[in-house]
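Q: I'm passing along data-v7.cif; it holds mmCIF, C-alpha atoms.
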data_query
#
loop_
_atom_site.label_atom_id
_atom_site.label_comp_id
_atom_site.auth_asym_id
_atom_site.auth_seq_id
_atom_site.Cartn_x
_atom_site.Cartn_y
_atom_site.Cartn_z
CA MET A 1007 33.41 -4.97 -0.34
CA LYS A 1008 33.00 -4.17 -4.02
CA THR A 1009 32.00 -0.52 -4.44
CA LEU A 1010 29.10 0.31 -6.75
CA GLN A 1011 30.59 3.22 -8.67
CA ASN A 1012 28.75 6.22 -10.15
CA HIS A 1013 25.52 5.53 -8.28
CA THR A 1014 23.74 7.79 -5.78
CA LEU A 1015 21.22 6.56 -3.22
CA ILE A 1016 18.53 9.18 -2.48
CA TYR A 1017 17.61 8.58 1.17
CA ASP A 1018 15.14 10.13 3.61
CA ASN A 1019 17.45 12.04 5.94
CA GLU A 1020 14.62 12.54 8.47
CA CYS A 1021 14.22 8.77 8.85
CA PRO A 1022 16.74 7.21 11.29
CA MET A 1023 16.35 3.78 9.67
CA CYS A 1024 17.15 5.20 6.23
CA ASN A 1025 20.06 7.16 7.69
CA ILE A 1026 21.56 4.08 9.32
CA TYR A 1027 21.46 1.67 6.40
CA SER A 1028 22.45 4.24 3.75
CA LYS A 1029 25.39 5.36 5.87
CA GLY A 1030 26.25 1.71 6.43
CA PHE A 1031 26.54 1.22 2.66
CA THR A 1032 29.10 4.03 2.42
CA LYS A 1033 31.00 3.05 5.57
CA CYS A 1034 31.52 -0.55 4.47
CA GLY A 1035 32.45 0.49 0.93
CA MET A 1036 29.39 -0.81 -0.92
CA LEU A 1037 28.83 2.78 -2.09
CA ASP A 1038 31.53 5.42 -2.39
CA GLU A 1039 31.66 8.35 0.05
CA SER A 1040 29.53 10.51 -2.24
CA GLY A 1041 27.20 7.61 -2.98
CA ARG A 1042 24.25 8.90 -1.01
CA GLU A 1043 22.30 12.13 -1.09
CA ALA A 1044 19.62 13.48 1.26
CA PHE A 1045 16.14 13.83 -0.23
CA THR A 1046 15.83 17.38 1.15
CA GLU A 1047 19.18 18.37 -0.40
CA LEU A 1048 18.74 16.99 -3.92
CA SER A 1049 21.09 18.24 -6.61
CA LEU A 1050 19.45 19.68 -9.71
CA LYS A 1051 20.73 16.76 -11.82
CA ASN A 1052 19.24 14.09 -9.55
CA LYS A 1053 16.00 16.04 -9.12
CA GLU A 1054 15.51 15.98 -12.89
CA LEU A 1055 16.16 12.23 -13.10
CA ILE A 1056 14.04 10.81 -10.30
CA ASP A 1057 10.29 10.42 -10.02
CA PHE A 1058 9.87 12.82 -7.08
CA LYS A 1059 6.61 11.31 -5.83
CA ARG A 1060 7.74 7.70 -6.17
CA ALA A 1061 11.03 8.47 -4.41
CA LYS A 1062 9.02 9.43 -1.30
CA ASN A 1063 7.58 5.91 -1.17
CA GLU A 1064 10.55 3.90 -2.46
CA ILE A 1065 14.19 4.84 -1.99
CA ALA A 1066 15.75 5.81 -5.32
CA LEU A 1067 19.14 4.72 -6.69
CA VAL A 1068 20.47 6.84 -9.55
CA ASP A 1069 22.76 5.20 -12.13
CA HIS A 1070 24.82 8.09 -13.52
CA ASN A 1071 26.36 5.92 -16.25
CA ARG A 1072 22.99 5.26 -17.88
CA ASN A 1073 21.00 8.16 -16.36
CA GLU A 1074 18.51 5.61 -15.07
CA VAL A 1075 16.83 5.18 -11.69
CA VAL A 1076 15.69 2.06 -9.81
CA TYR A 1077 13.45 2.21 -6.75
CA GLY A 1078 12.66 0.46 -3.49
CA LEU A 1079 13.74 -3.12 -2.95
CA ASP A 1080 15.39 -3.27 -6.39
CA SER A 1081 17.73 -0.41 -5.46
CA LEU A 1082 18.81 -2.19 -2.28
CA LEU A 1083 19.30 -5.51 -4.08
CA LEU A 1084 21.40 -3.79 -6.73
CA ILE A 1085 23.75 -2.41 -4.06
CA ILE A 1086 23.91 -5.65 -2.10
CA GLY A 1087 24.18 -7.77 -5.24
CA ASN A 1088 27.22 -5.81 -6.41
CA SER A 1089 29.15 -7.14 -3.39
CA PHE A 1090 27.19 -10.36 -2.77
CA PRO A 1091 25.75 -11.63 -6.09
CA LEU A 1092 24.51 -14.88 -4.53
CA LEU A 1093 22.40 -13.03 -1.95
CA GLU A 1094 20.76 -10.99 -4.67
CA LYS A 1095 20.00 -14.09 -6.74
CA ILE A 1096 18.42 -15.80 -3.72
CA ALA A 1097 16.38 -12.69 -2.81
CA ARG A 1098 15.03 -12.48 -6.37
CA ILE A 1099 13.67 -16.03 -6.30
CA GLN A 1100 9.89 -16.14 -6.08
CA PRO A 1101 8.17 -16.14 -3.59
CA LEU A 1102 11.07 -14.65 -1.57
CA TYR A 1103 11.17 -11.59 -3.82
CA TRP A 1104 7.42 -11.10 -3.37
CA PHE A 1105 7.77 -11.36 0.43
CA PHE A 1106 10.70 -8.94 0.67
CA LYS A 1107 8.93 -6.47 -1.63
CA LYS A 1108 5.83 -6.55 0.57
CA LEU A 1109 7.97 -6.22 3.70
CA TYR A 1110 9.79 -3.24 2.22
CA SER A 1111 6.50 -1.52 1.39
CA PHE A 1112 5.11 -2.37 4.83
CA VAL A 1113 8.02 -0.57 6.52
CA SER A 1114 8.31 2.28 4.01
CA TYR A 1115 4.65 3.32 4.06
CA ASN A 1116 4.59 3.20 7.88
CA ARG A 1117 8.04 4.62 8.61
CA LYS A 1118 6.70 8.01 9.74
CA GLN A 1119 4.43 6.24 12.22
CA ILE A 1120 7.28 4.05 13.43
CA ILE A 1121 9.73 6.97 13.83
CA PRO A 1122 8.16 10.40 13.28
CA SER A 1123 10.13 13.61 12.80
CA LYS A 1124 9.42 17.22 13.76
CA LYS A 1125 10.29 18.20 10.18
CA ASP A 1126 7.67 15.95 8.57
CA GLU A 1127 5.36 18.93 8.07
CA THR A 1128 7.80 20.83 5.84
CA GLU A 1129 7.22 21.12 2.09
CA GLN A 1130 10.43 19.28 1.15
CA ALA A 1131 9.91 16.44 3.65
CA CYS A 1132 10.11 12.89 2.29
CA ILE A 1133 6.63 11.80 3.40
CA PRO A 1134 5.30 8.56 1.88
CA ASP A 1135 1.77 8.47 0.49
CA PHE A 1136 -0.96 7.20 2.77
CA ASN A 1137 -1.61 3.54 1.98
CA LEU A 1138 -4.68 2.16 3.75
CA LYS A 1139 -3.74 -1.48 3.16
CA TYR A 1140 -0.31 -1.20 4.75
CA ARG A 1141 -1.58 1.04 7.58
CA ILE A 1142 -4.24 -1.50 8.54
CA THR A 1143 -1.68 -4.29 8.22
CA TYR A 1144 0.65 -2.43 10.61
CA ILE A 1145 -2.15 -1.82 13.10
CA ALA A 1146 -3.27 -5.47 12.92
CA PHE A 1147 0.30 -6.72 13.41
CA VAL A 1148 0.79 -4.59 16.54
CA VAL A 1149 -2.64 -5.54 17.93
CA PHE A 1150 -2.08 -9.30 17.69
CA PHE A 1151 1.57 -9.17 18.76
CA SER A 1152 0.80 -6.92 21.75
CA ALA A 1153 -2.20 -9.03 22.76
CA TYR A 1154 -0.08 -12.19 22.75
CA ILE A 1155 2.80 -10.73 24.80
CA LEU A 1156 0.43 -9.01 27.24
CA SER A 1157 -1.49 -12.24 27.75
CA LEU A 1158 1.75 -13.94 28.77
CA PHE A 1159 2.81 -11.06 31.03
CA THR A 1160 -0.53 -10.68 32.83
CA THR A 1161 -0.47 -14.42 33.51
CA LYS A 1162 2.97 -13.98 35.03
CA LEU A 1163 1.60 -11.19 37.23
CA GLY A 1164 -1.06 -13.56 38.49
CA LEU A 1165 -4.01 -11.84 36.81
CA ASN A 1166 -5.67 -15.16 36.12
CA GLY A 1167 -8.78 -15.84 34.11
CA ASP A 1168 -9.84 -17.69 31.00
CA HIS A 1169 -8.89 -16.68 27.48
CA HIS A 1170 -5.99 -14.37 28.29
CA PHE A 1171 -5.23 -13.70 24.62
CA LEU A 1172 -8.84 -12.94 23.74
CA ARG A 1173 -9.09 -10.58 26.71
CA GLU A 1174 -5.97 -8.64 25.71
CA LEU A 1175 -7.06 -8.61 22.07
CA ILE A 1176 -10.35 -7.00 23.08
CA VAL A 1177 -8.45 -4.41 25.15
CA CYS A 1178 -6.17 -3.53 22.20
CA LEU A 1179 -9.06 -3.25 19.78
CA GLY A 1180 -11.06 -1.33 22.38
CA GLN A 1181 -8.26 1.22 22.70
CA ILE A 1182 -8.34 1.87 18.95
CA ALA A 1183 -12.15 2.11 18.89
CA TRP A 1184 -12.20 4.41 21.93
CA GLN A 1185 -9.57 6.81 20.58
CA THR A 1186 -11.15 6.85 17.12
CA LEU A 1187 -14.66 7.62 18.37
CA PHE A 1188 -13.54 10.06 21.06
CA LEU A 1189 -11.01 11.96 18.95
CA LYS A 1190 -12.29 11.68 15.39
CA VAL A 1191 -13.75 15.20 15.33
CA TYR A 1192 -10.62 16.69 16.95
CA LEU A 1193 -8.03 14.80 14.88
CA LYS A 1194 -9.85 15.06 11.53
CA GLU A 1195 -7.37 14.21 8.73
CA LYS A 1196 -4.70 13.26 11.30
CA ILE A 1197 -6.67 10.30 12.63
CA TRP A 1198 -4.76 7.59 10.70
CA ASN A 1199 -1.43 9.23 11.45
CA TYR A 1200 -2.25 9.39 15.15
CA ILE A 1201 -3.54 5.80 15.32
CA GLY A 1202 -0.35 4.60 13.62
CA ASN A 1203 1.79 6.44 16.16
CA MET A 1204 -0.36 5.18 19.03
CA MET A 1205 0.20 1.61 17.86
CA THR A 1206 3.96 2.22 17.81
CA VAL A 1207 3.71 3.32 21.45
CA SER A 1208 1.98 0.00 22.16
CA LEU A 1209 4.67 -1.85 20.21
CA ILE A 1210 7.43 -0.14 22.24
CA GLY A 1211 5.74 -1.17 25.47
CA THR A 1212 5.27 -4.72 24.22
CA LEU A 1213 8.94 -5.07 23.25
CA LEU A 1214 10.00 -3.75 26.66
CA LEU A 1215 7.92 -6.44 28.38
CA ILE A 1216 9.66 -9.32 26.59
CA PRO A 1217 12.83 -9.27 28.81
CA ALA A 1218 10.61 -9.67 31.90
CA LEU A 1219 9.12 -12.81 30.33
CA LEU A 1220 12.55 -14.33 29.74
CA ILE A 1221 13.87 -13.73 33.27
CA ASN A 1222 12.41 -15.36 36.36
CA LEU A 1223 12.03 -12.45 38.80
CA SER A 1224 9.85 -11.78 41.84
CA PRO A 1225 6.21 -10.71 41.38
CA ALA A 1226 6.97 -7.40 43.12
CA PHE A 1227 9.75 -6.60 40.65
CA ASN A 1228 7.51 -7.51 37.71
CA ILE A 1229 4.85 -5.08 38.95
CA ILE A 1230 7.44 -2.31 39.36
CA TYR A 1231 8.89 -3.08 35.93
CA PHE A 1232 5.41 -2.97 34.41
CA GLY A 1233 4.87 0.44 35.99
CA ILE A 1234 8.13 1.71 34.47
CA VAL A 1235 7.09 0.44 31.04
CA VAL A 1236 3.72 2.20 31.35
CA LEU A 1237 5.51 5.43 32.33
CA ILE A 1238 7.79 5.15 29.28
CA MET A 1239 4.74 4.61 27.06
CA PHE A 1240 3.02 7.62 28.63
CA MET A 1241 6.01 9.90 28.00
CA GLU A 1242 6.43 8.57 24.45
CA HIS A 1243 2.74 9.19 23.75
CA ILE A 1244 3.14 12.82 24.87
CA ARG A 1245 6.30 13.23 22.76
CA ARG A 1246 4.61 11.92 19.63
CA CYS A 1247 1.55 14.10 20.17
CA LYS A 1248 3.85 17.13 20.31
CA ILE A 1249 5.45 16.08 17.02
CA LEU A 1250 1.96 15.77 15.50
CA LYS A 1251 1.14 19.20 16.96
CA LEU A 1252 -1.68 17.85 19.13
CA ASN A 1253 -2.60 18.96 22.63
CA PHE A 1254 -2.94 16.74 25.72
CA LEU A 1255 -6.46 15.53 24.85
CA PRO A 1256 -5.31 12.33 23.07
CA THR A 1257 -2.99 11.48 25.97
CA ILE A 1258 -5.72 12.08 28.56
CA SER A 1259 -8.14 9.90 26.61
CA TRP A 1260 -5.46 7.22 26.09
CA THR A 1261 -4.59 7.21 29.82
CA LEU A 1262 -8.24 7.01 30.95
CA PHE A 1263 -8.85 3.98 28.77
CA ARG A 1264 -5.66 2.25 29.93
CA MET A 1265 -6.46 2.84 33.61
CA THR A 1266 -10.05 1.68 33.17
CA ALA A 1267 -9.02 -1.47 31.29
CA LEU A 1268 -6.39 -2.34 33.92
CA ALA A 1269 -8.88 -1.81 36.76
CA VAL A 1270 -11.42 -4.09 35.06
CA ILE A 1271 -8.82 -6.82 34.49
CA ILE A 1272 -7.70 -6.66 38.14
CA LEU A 1273 -11.30 -6.85 39.38
CA LEU A 1274 -12.08 -9.80 37.12
CA SER A 1275 -9.03 -11.67 38.35
CA PHE A 1276 -10.44 -11.95 41.88
#
Have the structure of the file written as structure tokens, please.
A:
Amino acid sequence: MKTLQNHTLIYDNECPMCNIYSKGFTKCGMLDESGREAFTELSLKNKELIDFKRAKNEIALVDHNRNEVVYGLDSLLLIIGNSFPLLEKIARIQPLYWFFKKLYSFVSYNRKQIIPSKKDETEQACIPDFNLKYRITYIAFVVFFSAYILSLFTTKLGLNGDHHFLRELIVCLGQIAWQTLFLKVYLKEKIWNYIGNMMTVSLIGTLLLIPALLINLSPAFNIIYFGIVVLIMFMEHIRRCKILKLNFLPTISWTLFRMTALAVIILLSF
């Protein structure tokens, strides 16, 4: 690998995804060993150069030769392009560049809902701005993806009926509506943060169901496996509520809706 000299990547050290790929750049030699710096441990020189607010939304790459800073997708392409120029040229072709830029923003603005941290409440935390467009996009993605996978899995369980996808879509949307109406007064300004985390819990459960769709196992095992997935989701929901400094009310409400929805589906299947 060709090392990009005299550059420092300012990464969110409370974000596992940012930790992994920034460390990967240094490990494979695309950046030198001192080529990354934690956002919460900024040197005075880098703090003076970067746009502090923008760096929370888009990862910053400081060029010490020119005392210039690039952000977001452009910073990543600059690092990658130094070792693989062709990849950078391809990525900068429209509409690929537009797509990757939107994808980067989609992940960046939702990264604290995908993987929250107990230190997100601190003053120096690298918390991205709230972006309604990307939050709704994330919620919509999880809703449709979860509804599709669940429709396939419930069919495999033998919970027959017409319009499996539509049924699961209504359940997913119903969960959001129920939690929003029931908890809006309690959650107040945390409502969008909570809903984002709740959708990640749904996404985790959905991803865990995919292996069961790919393997032909007995109905009994599928039911047991489904129960394990639900338990994992339940525990993850509790964990995330603790990180958000919420009590058990959201989990109780979430569980009641899930149990009611499952009972209705089972009854309708007979």
Q: Starting from the displayed file, determine the output of the PyMOL selection byres ((chain A and resi 1014-1021) around 6) and express the residue list as a list of chain:residue names.
A: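 Evaluating the PyMOL selection byres ((chain A and resi 1014-1021) around 6) on these coordinates yields A:His1013, A:Pro1022, A:Met1023, A:Cys1024, A:Asn1025, A:Gly1041, A:Arg1042, A:Glu1043, A:Ala1044, A:Phe1045, A:Ile1065, A:Ala1066, A:Leu1067, A:Val1068, A:Cys1132.
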Q: Produce a file of the selected residues containing C-alpha atoms, as a PDB file, keeping the file's coordinate frame.
A:
ATOM      1  CA  HIS A1013      25.520   5.530  -8.280  1.00  0.00           C
ATOM      2  CA  PRO A1022      16.740   7.210  11.290  1.00  0.00           C
ATOM      3  CA  MET A1023      16.350   3.780   9.670  1.00  0.00           C
ATOM      4  CA  CYS A1024      17.150   5.200   6.230  1.00  0.00           C
ATOM      5  CA  ASN A1025      20.060   7.160   7.690  1.00  0.00           C
ATOM      6  CA  GLY A1041      27.200   7.610  -2.980  1.00  0.00           C
ATOM      7  CA  ARG A1042      24.250   8.900  -1.010  1.00  0.00           C
ATOM      8  CA  GLU A1043      22.300  12.130  -1.090  1.00  0.00           C
ATOM      9  CA  ALA A1044      19.620  13.480   1.260  1.00  0.00           C
ATOM     10  CA  PHE A1045      16.140  13.830  -0.230  1.00  0.00           C
ATOM     11  CA  ILE A1065      14.190   4.840  -1.990  1.00  0.00           C
ATOM     12  CA  ALA A1066      15.750   5.810  -5.320  1.00  0.00           C
ATOM     13  CA  LEU A1067      19.140   4.720  -6.690  1.00  0.00           C
ATOM     14  CA  VAL A1068      20.470   6.840  -9.550  1.00  0.00           C
ATOM     15  CA  CYS A1132      10.110  12.890   2.290  1.00  0.00           C
TER      16      CYS A1132
END
Q: Determine the residue set returned by the PyMOL selection byres ((chain A and resi 1080) around 12) for the present structure, and present it as a list of chain:residue names.
A: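 Written out, the selection comes to A:Leu1015, A:Glu1064, A:Ile1065, A:Ala1066, A:Leu1067, A:Val1068, A:Val1075, A:Val1076, A:Tyr1077, A:Gly1078, A:Leu1079, A:Ser1081, A:Leu1082, A:Leu1083, A:Leu1084, A:Ile1085, A:Ile1086, A:Gly1087, A:Glu1094, A:Lys1095, A:Ala1097, A:Arg1098, A:Tyr1103, A:Trp1104, A:Phe1106, A:Lys1107, A:Tyr1110, A:Ser1111.
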Q: For atom CA of A:Phe1159 and atom CA of A:Leu1262, quote the distance in Å rounded to one decimal.
A: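 Straight-line distance from atom CA of A:Phe1159 to atom CA of A:Leu1262 works out to 21.2 Å.
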Q: Expand the PyMOL selection byres ((chain A and resi 1133) around 12) into the individual residues it matches in the shown file, reporting them as a compact mmCIF listing (two decimals) with C-alpha atoms, in the coordinates of the input.
A:
# COMPACT_ATOMS: atom_id res chain seq x y z
CA TYR A 1017 17.61 8.58 1.17
CA ASP A 1018 15.14 10.13 3.61
CA ASN A 1019 17.45 12.04 5.94
CA GLU A 1020 14.62 12.54 8.47
CA CYS A 1021 14.22 8.77 8.85
CA PHE A 1045 16.14 13.83 -0.23
CA THR A 1046 15.83 17.38 1.15
CA PHE A 1058 9.87 12.82 -7.08
CA LYS A 1059 6.61 11.31 -5.83
CA ARG A 1060 7.74 7.70 -6.17
CA ALA A 1061 11.03 8.47 -4.41
CA LYS A 1062 9.02 9.43 -1.30
CA ASN A 1063 7.58 5.91 -1.17
CA GLU A 1064 10.55 3.90 -2.46
CA ILE A 1065 14.19 4.84 -1.99
CA SER A 1114 8.31 2.28 4.01
CA TYR A 1115 4.65 3.32 4.06
CA ASN A 1116 4.59 3.20 7.88
CA ARG A 1117 8.04 4.62 8.61
CA LYS A 1118 6.70 8.01 9.74
CA GLN A 1119 4.43 6.24 12.22
CA ILE A 1121 9.73 6.97 13.83
CA PRO A 1122 8.16 10.40 13.28
CA SER A 1123 10.13 13.61 12.80
CA LYS A 1125 10.29 18.20 10.18
CA ASP A 1126 7.67 15.95 8.57
CA GLU A 1127 5.36 18.93 8.07
CA THR A 1128 7.80 20.83 5.84
CA GLU A 1129 7.22 21.12 2.09
CA GLN A 1130 10.43 19.28 1.15
CA ALA A 1131 9.91 16.44 3.65
CA CYS A 1132 10.11 12.89 2.29
CA PRO A 1134 5.30 8.56 1.88
CA ASP A 1135 1.77 8.47 0.49
CA PHE A 1136 -0.96 7.20 2.77
CA ASN A 1137 -1.61 3.54 1.98
CA ASN A 1199 -1.43 9.23 11.45
Q: Between A:Ile1096, A:Asn1073, A:Leu1037, A:Ser1152, which has the minimum distance to A:Lys1053 (counting all atoms listed in the file)?
A: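 Going through A:Ile1096, A:Asn1073, A:Leu1037, A:Ser1152 one by one, the smallest distance to A:Lys1053 is for A:Asn1073.
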Q: If I take atom CA of A:Glu1195 and atom CA of A:Lys1108, how far is one from the other in Å, to one decimal?
A: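 Rounded to one decimal, the two atoms are 25.9 Å apart.
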